[in-house]
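For reference, the structure discussed in these notes is given below.
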Amino acid sequence: MFLVHGGETAADAPVLRTGGVPLVPDGFTWPLCRECGGAMQFLAHLPLDIGAVAVFMCQNDPGMCDEWDATSGGNRALLFTAPLSPAVVPAEGETLLGAVTALGPHAEEPPEEFVLGRLGGEPEWWQNDETPACPSCSAPMTFAAQLEEGRDHRTAINFGGGGRGYVFHCRPCGEAAFLWQR
């Protein structure tokens, strides 16, 4: 299923979207980059049949932290299954994208300029297959979504100028992972 630009939406809309504010369960702590210690930028809210995945990536000093790797600590994907409400956004750091964009599912391949990602299926790797192993059970994780950089400077996710992000999950363990390639 292709994800296409669906226009602007509310910052806390419970829909497929990039930007805005993450929807999180009670007790949520905003993820910090393991390398620089800064608050990560929220990239996407992805409601799936197994829960909602929130995707984060360090943008405090772009390119200095290993935010492209699924295990380096420069990014984070969290799978939530409990009731969700808008998170409190940290006052410091590059924590939010410049705009909120709804991602509309589209079954047939639309023109390339409208595609902002894919939901399910198989990843279209930019480089080599980097399917992460679940940190809990070590099994290969299941592909959930692919994200493209965005349409303009306000909505663009920083994947190094033309890159692509990949979101995975492990249903049995309740884990999620994120990485990007260029």
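Naming scheme: A, B, ... for chains in displayed order of the structure tokens; residues 1 onward per chain; ligands 1 onward as shown.
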Name the residues in contact with stretch 5-10 of chain A at a cut-off of 7 Å, using only C-alpha atoms, excluding same-chain residues fewer than 6 positions from it; report them as an mmCIF file with all heavy atoms, in the first residue's frame.
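Okay, this is what ended up in selection24.cif:
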```cif
data_model
loop_
_atom_site.group_PDB
_atom_site.id
_atom_site.type_symbol
_atom_site.label_atom_id
_atom_site.label_comp_id
_atom_site.auth_asym_id
_atom_site.auth_seq_id
_atom_site.Cartn_x
_atom_site.Cartn_y
_atom_site.Cartn_z
ATOM 1 N N VAL A 100 2.776 19.162 9.816
ATOM 2 C CA VAL A 100 2.138 17.864 10.020
ATOM 3 C C VAL A 100 1.486 17.453 8.709
ATOM 4 O O VAL A 100 0.716 18.227 8.123
ATOM 5 C CB VAL A 100 1.066 17.936 11.130
ATOM 6 C CG1 VAL A 100 0.488 16.560 11.405
ATOM 7 C CG2 VAL A 100 1.642 18.551 12.401
ATOM 8 N N THR A 101 1.779 16.259 8.230
ATOM 9 C CA THR A 101 1.254 15.780 6.961
ATOM 10 C C THR A 101 0.537 14.451 7.152
ATOM 11 O O THR A 101 1.145 13.486 7.625
ATOM 12 C CB THR A 101 2.391 15.584 5.936
ATOM 13 O OG1 THR A 101 3.108 16.805 5.790
ATOM 14 C CG2 THR A 101 1.857 15.141 4.597
ATOM 15 N N ALA A 102 -0.729 14.404 6.780
ATOM 16 C CA ALA A 102 -1.464 13.135 6.793
ATOM 17 C C ALA A 102 -0.926 12.262 5.665
ATOM 18 O O ALA A 102 -0.569 12.757 4.592
ATOM 19 C CB ALA A 102 -2.956 13.385 6.593
ATOM 20 N N LEU A 103 -0.851 10.958 5.924
ATOM 21 C CA LEU A 103 -0.410 9.995 4.919
ATOM 22 C C LEU A 103 -1.614 9.170 4.503
ATOM 23 O O LEU A 103 -2.142 8.388 5.289
ATOM 24 C CB LEU A 103 0.687 9.090 5.490
ATOM 25 C CG LEU A 103 1.943 9.796 5.983
ATOM 26 C CD1 LEU A 103 2.873 8.815 6.665
ATOM 27 C CD2 LEU A 103 2.641 10.509 4.843
ATOM 28 N N GLY A 104 -2.065 9.369 3.284
ATOM 29 C CA GLY A 104 -3.236 8.659 2.798
ATOM 30 C C GLY A 104 -2.858 7.356 2.122
ATOM 31 O O GLY A 104 -2.020 7.347 1.219
ATOM 32 N N PHE A 114 3.974 12.225 -5.517
ATOM 33 C CA PHE A 114 2.990 12.186 -4.434
ATOM 34 C C PHE A 114 3.299 11.130 -3.381
ATOM 35 O O PHE A 114 2.703 11.124 -2.320
ATOM 36 C CB PHE A 114 1.587 11.938 -4.994
ATOM 37 C CG PHE A 114 1.103 13.029 -5.894
ATOM 38 C CD1 PHE A 114 0.919 12.795 -7.240
ATOM 39 C CD2 PHE A 114 0.863 14.301 -5.389
ATOM 40 C CE1 PHE A 114 0.489 13.807 -8.082
ATOM 41 C CE2 PHE A 114 0.428 15.318 -6.222
ATOM 42 C CZ PHE A 114 0.245 15.073 -7.571
ATOM 43 N N VAL A 115 4.217 10.206 -3.668
ATOM 44 C CA VAL A 115 4.497 9.095 -2.759
ATOM 45 C C VAL A 115 5.366 9.560 -1.596
ATOM 46 O O VAL A 115 6.434 10.122 -1.788
ATOM 47 C CB VAL A 115 5.176 7.926 -3.507
ATOM 48 C CG1 VAL A 115 5.544 6.817 -2.539
ATOM 49 C CG2 VAL A 115 4.272 7.403 -4.599
ATOM 50 N N LEU A 116 4.884 9.316 -0.381
ATOM 51 C CA LEU A 116 5.638 9.654 0.832
ATOM 52 C C LEU A 116 6.038 8.406 1.602
ATOM 53 O O LEU A 116 6.605 8.501 2.681
ATOM 54 C CB LEU A 116 4.810 10.577 1.728
ATOM 55 C CG LEU A 116 4.530 11.954 1.154
ATOM 56 C CD1 LEU A 116 3.659 12.767 2.101
ATOM 57 C CD2 LEU A 116 5.829 12.694 0.867
#
```
Using 9 Å as the limit and counting only C-alpha atoms, can you tabulate each residue of stretch 86-162 of chain A that touches stretch 47-63 of chain A, with its shortest atom-to-atom distance in Å and the two atoms involved, as a tab-separated table?
```
residue	atom	partner	partner_atom	distance
A:Gly93	CA	A:Asn60	CA	6.0
A:Glu94	CA	A:Asn60	CA	5.7
A:Thr95	CA	A:Gln59	CA	7.8
A:Ala144	CA	A:Leu48	CA	8.1
A:Asn158	CA	A:Gln59	CA	8.1
A:Gly160	CA	A:Gly63	CA	8.1
```
Closest atom pairs, residues of stretch 91-129 of chain A within 12 Å of stretch 168-182 of chain A, only C-alpha atoms, as a Markdown table:
```
| residue | atom | partner | partner_atom | distance |
| --- | --- | --- | --- | --- |
| A:Leu119 | CA | A:Phe168 | CA | 10.8 |
| A:Gly120 | CA | A:Phe168 | CA | 9.6 |
| A:Gly121 | CA | A:Phe168 | CA | 11.5 |
| A:Glu122 | CA | A:Phe168 | CA | 10.8 |
| A:Pro123 | CA | A:Phe168 | CA | 9.9 |
| A:Glu124 | CA | A:Gln181 | CA | 10.6 |
| A:Trp125 | CA | A:Gln181 | CA | 7.8 |
| A:Trp126 | CA | A:Gln181 | CA | 5.9 |
| A:Gln127 | CA | A:Gln181 | CA | 6.6 |
| A:Asn128 | CA | A:Gln181 | CA | 8.9 |
| A:Asp129 | CA | A:Gln181 | CA | 10.1 |
```
**Request:** Find the residues around A:Leu84 up to 9 Å (only C-alpha atoms counted), leave out those fewer than 4 positions away in its own chain, and share them as a ChimeraX atom specification.
**Result:** /A:14,23-26,52,80
**Request:** Step one, run DSSP on the backbone; step two, keep only residues of chain A assigned to strand (DSSP E or B); then write them as a PyMOL selection string.
**Result:** chain A and resi 2-8+17-18+23-24+32+39+41-48+51-57+75-80+85-86+96+101-106+115-119+133+140+142-148+164-170+175-181
Find the spatial neighbours of A:Glu112, counting only C-alpha atoms, within a cut-off of 12 Å - ignore same-chain residues fewer than 4 positions away - and output them as a PDB file with all heavy atoms, in the first residue's frame.
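After the write, out-v2.pdb holds the following:
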```pdb
ATOM      1  N   PHE A   2       0.687   2.116  -0.940  1.00  0.00           N
ATOM      2  CA  PHE A   2       1.459   3.353  -1.010  1.00  0.00           C
ATOM      3  C   PHE A   2       0.895   4.369  -0.017  1.00  0.00           C
ATOM      4  O   PHE A   2      -0.295   4.373   0.273  1.00  0.00           O
ATOM      5  CB  PHE A   2       1.397   3.936  -2.418  1.00  0.00           C
ATOM      6  CG  PHE A   2       2.129   3.103  -3.421  1.00  0.00           C
ATOM      7  CD1 PHE A   2       1.470   2.128  -4.139  1.00  0.00           C
ATOM      8  CD2 PHE A   2       3.479   3.293  -3.625  1.00  0.00           C
ATOM      9  CE1 PHE A   2       2.145   1.347  -5.059  1.00  0.00           C
ATOM     10  CE2 PHE A   2       4.171   2.517  -4.535  1.00  0.00           C
ATOM     11  CZ  PHE A   2       3.498   1.538  -5.257  1.00  0.00           C
ATOM     12  N   LEU A   3       1.756   5.219   0.503  1.00  0.00           N
ATOM     13  CA  LEU A   3       1.344   6.326   1.364  1.00  0.00           C
ATOM     14  C   LEU A   3       1.563   7.606   0.568  1.00  0.00           C
ATOM     15  O   LEU A   3       2.673   7.882   0.124  1.00  0.00           O
ATOM     16  CB  LEU A   3       2.165   6.349   2.652  1.00  0.00           C
ATOM     17  CG  LEU A   3       1.988   5.135   3.554  1.00  0.00           C
ATOM     18  CD1 LEU A   3       2.964   5.189   4.728  1.00  0.00           C
ATOM     19  CD2 LEU A   3       0.561   5.035   4.046  1.00  0.00           C
ATOM     20  N   VAL A   4       0.485   8.376   0.385  1.00  0.00           N
ATOM     21  CA  VAL A   4       0.565   9.599  -0.402  1.00  0.00           C
ATOM     22  C   VAL A   4       0.238  10.803   0.476  1.00  0.00           C
ATOM     23  O   VAL A   4      -0.361  10.674   1.542  1.00  0.00           O
ATOM     24  CB  VAL A   4      -0.377   9.558  -1.625  1.00  0.00           C
ATOM     25  CG1 VAL A   4       0.020   8.440  -2.581  1.00  0.00           C
ATOM     26  CG2 VAL A   4      -1.818   9.417  -1.207  1.00  0.00           C
ATOM     27  N   HIS A   5       0.634  11.973  -0.010  1.00  0.00           N
ATOM     28  CA  HIS A   5       0.365  13.215   0.698  1.00  0.00           C
ATOM     29  C   HIS A   5      -1.140  13.382   0.854  1.00  0.00           C
ATOM     30  O   HIS A   5      -1.885  13.408  -0.118  1.00  0.00           O
ATOM     31  CB  HIS A   5       0.947  14.393  -0.089  1.00  0.00           C
ATOM     32  CG  HIS A   5       0.838  15.688   0.617  1.00  0.00           C
ATOM     33  ND1 HIS A   5      -0.244  16.513   0.477  1.00  0.00           N
ATOM     34  CD2 HIS A   5       1.675  16.297   1.475  1.00  0.00           C
ATOM     35  CE1 HIS A   5      -0.071  17.591   1.221  1.00  0.00           C
ATOM     36  NE2 HIS A   5       1.092  17.492   1.827  1.00  0.00           N
ATOM     37  N   GLU A 108      -3.114   1.728  -5.663  1.00  0.00           N
ATOM     38  CA  GLU A 108      -2.423   1.719  -6.949  1.00  0.00           C
ATOM     39  C   GLU A 108      -1.273   2.714  -6.937  1.00  0.00           C
ATOM     40  O   GLU A 108      -1.334   3.734  -6.263  1.00  0.00           O
ATOM     41  CB  GLU A 108      -3.400   2.055  -8.064  1.00  0.00           C
ATOM     42  CG  GLU A 108      -4.495   1.017  -8.222  1.00  0.00           C
ATOM     43  CD  GLU A 108      -5.459   1.375  -9.334  1.00  0.00           C
ATOM     44  OE1 GLU A 108      -5.067   2.131 -10.242  1.00  0.00           O
ATOM     45  OE2 GLU A 108      -6.593   0.894  -9.278  1.00  0.00           O
ATOM     46  N   LEU A 116       4.884   9.316  -0.381  1.00  0.00           N
ATOM     47  CA  LEU A 116       5.638   9.654   0.832  1.00  0.00           C
ATOM     48  C   LEU A 116       6.038   8.406   1.602  1.00  0.00           C
ATOM     49  O   LEU A 116       6.605   8.501   2.681  1.00  0.00           O
ATOM     50  CB  LEU A 116       4.810  10.577   1.728  1.00  0.00           C
ATOM     51  CG  LEU A 116       4.530  11.954   1.154  1.00  0.00           C
ATOM     52  CD1 LEU A 116       3.659  12.767   2.101  1.00  0.00           C
ATOM     53  CD2 LEU A 116       5.829  12.694   0.867  1.00  0.00           C
ATOM     54  N   GLY A 117       5.726   7.233   1.049  1.00  0.00           N
ATOM     55  CA  GLY A 117       6.124   5.998   1.701  1.00  0.00           C
ATOM     56  C   GLY A 117       5.286   4.821   1.262  1.00  0.00           C
ATOM     57  O   GLY A 117       4.526   4.897   0.294  1.00  0.00           O
ATOM     58  N   ARG A 118       5.441   3.741   2.012  1.00  0.00           N
ATOM     59  CA  ARG A 118       4.684   2.511   1.773  1.00  0.00           C
ATOM     60  C   ARG A 118       4.327   1.905   3.113  1.00  0.00           C
ATOM     61  O   ARG A 118       5.055   2.061   4.094  1.00  0.00           O
ATOM     62  CB  ARG A 118       5.521   1.521   0.974  1.00  0.00           C
ATOM     63  CG  ARG A 118       5.773   1.986  -0.431  1.00  0.00           C
ATOM     64  CD  ARG A 118       6.471   0.962  -1.262  1.00  0.00           C
ATOM     65  NE  ARG A 118       6.189  -0.369  -0.763  1.00  0.00           N
ATOM     66  CZ  ARG A 118       6.892  -1.436  -1.053  1.00  0.00           C
ATOM     67  NH1 ARG A 118       7.909  -1.333  -1.853  1.00  0.00           N
ATOM     68  NH2 ARG A 118       6.589  -2.608  -0.577  1.00  0.00           N
ATOM     69  N   GLU A 148       9.522   8.240   2.941  1.00  0.00           N
ATOM     70  CA  GLU A 148      10.350   9.063   2.063  1.00  0.00           C
ATOM     71  C   GLU A 148      10.595  10.401   2.777  1.00  0.00           C
ATOM     72  O   GLU A 148       9.905  10.737   3.727  1.00  0.00           O
ATOM     73  CB  GLU A 148       9.646   9.288   0.723  1.00  0.00           C
ATOM     74  CG  GLU A 148       9.273   8.013  -0.008  1.00  0.00           C
ATOM     75  CD  GLU A 148      10.452   7.166  -0.450  1.00  0.00           C
ATOM     76  OE1 GLU A 148      11.549   7.716  -0.671  1.00  0.00           O
ATOM     77  OE2 GLU A 148      10.279   5.938  -0.586  1.00  0.00           O
ATOM     78  N   GLY A 150      10.012  13.659   2.137  1.00  0.00           N
ATOM     79  CA  GLY A 150       8.950  14.659   2.221  1.00  0.00           C
ATOM     80  C   GLY A 150       8.914  15.551   1.007  1.00  0.00           C
ATOM     81  O   GLY A 150       9.778  15.486   0.142  1.00  0.00           O
ATOM     82  N   ARG A 151       7.902  16.388   0.953  1.00  0.00           N
ATOM     83  CA  ARG A 151       7.654  17.209  -0.236  1.00  0.00           C
ATOM     84  C   ARG A 151       8.379  18.542  -0.236  1.00  0.00           C
ATOM     85  O   ARG A 151       8.636  19.109  -1.280  1.00  0.00           O
ATOM     86  CB  ARG A 151       6.158  17.457  -0.366  1.00  0.00           C
ATOM     87  CG  ARG A 151       5.364  16.214  -0.637  1.00  0.00           C
ATOM     88  CD  ARG A 151       3.880  16.453  -0.511  1.00  0.00           C
ATOM     89  NE  ARG A 151       3.440  17.666  -1.155  1.00  0.00           N
ATOM     90  CZ  ARG A 151       2.661  17.726  -2.211  1.00  0.00           C
ATOM     91  NH1 ARG A 151       2.216  16.630  -2.748  1.00  0.00           N
ATOM     92  NH2 ARG A 151       2.287  18.871  -2.719  1.00  0.00           N
TER      93      ARG A 151
END
```
**Contacts of A:Arg154 within 7 Å, only C-alpha atoms, excl. fewer than 3 positions in-chain, as a PyMOL selection string** = chain A and resi 97-99
With N, CA, C and O atoms kept, could you save the residues just selected as a PDB file, in the first residue's frame?
```
ATOM      1  N   LEU A  97       9.001  18.207  13.500  1.00  0.00           N
ATOM      2  CA  LEU A  97       9.111  18.623  12.106  1.00  0.00           C
ATOM      3  C   LEU A  97       8.393  19.957  11.938  1.00  0.00           C
ATOM      4  O   LEU A  97       7.579  20.333  12.774  1.00  0.00           O
ATOM      5  N   GLY A  98       8.630  20.647  10.828  1.00  0.00           N
ATOM      6  CA  GLY A  98       8.040  21.955  10.592  1.00  0.00           C
ATOM      7  C   GLY A  98       6.567  21.949  10.248  1.00  0.00           C
ATOM      8  O   GLY A  98       5.921  22.989  10.297  1.00  0.00           O
ATOM      9  N   ALA A  99       6.006  20.799   9.886  1.00  0.00           N
ATOM     10  CA  ALA A  99       4.592  20.719   9.518  1.00  0.00           C
ATOM     11  C   ALA A  99       4.084  19.302   9.769  1.00  0.00           C
ATOM     12  O   ALA A  99       4.868  18.371   9.908  1.00  0.00           O
TER      13      ALA A  99
END
```
**Message:** Could you list, as a PyMOL selection string, every residue within 8 Å of A:Gly73, counting only C-alpha atoms and ignoring same-chain residues fewer than 5 positions away?
**Reply:** chain A and resi 33-35+66-67
The selected residues should be written to file as a tab-separated table (two decimals), in the first residue's frame (atoms: C-alpha atoms).
```
chain	number	residue	atom	x	y	z
A	33	CYS	CA	19.95	10.16	21.72
A	34	ARG	CA	22.42	7.68	23.20
A	35	GLU	CA	25.30	9.56	21.54
A	66	ASP	CA	24.64	7.59	14.03
A	67	GLU	CA	20.92	8.15	13.50
```
**A:Phe28 surroundings by only C-alpha atoms, 12 Å radius, close-in-sequence under 6 positions cut, as a list of chain:residue names** = A:Pro22, A:Ala54, A:Leu78, A:Leu79, A:Phe80, A:Ala82, A:Pro83, A:Leu84, A:Ser85, A:Pro86, A:Ala87, A:Val88, A:Val89
**Atom-to-atom span, atom CA of A:Ala11 and atom CA of A:Thr142, Å** =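 According to the coordinates, atom CA of A:Ala11 and atom CA of A:Thr142 are separated by 27.7 Å.
Distance-wise, atom CA of A:Phe159 and atom CA of A:Arg76 end up 14.5 Å apart.
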**Item:** Atom-to-atom span, atom CA of A:Val167 and atom CA of A:Glu92, Å
**Value:**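 A separation of 25.8 Å between them.
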**Request:** Counting only C-alpha atoms, figure out which residue out of A:Ala145, A:Cys36, A:Ala77, A:Gly165 gets nearest to A:Pro105.
**Result:**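 Smallest distance to A:Pro105 is found for A:Ala145.
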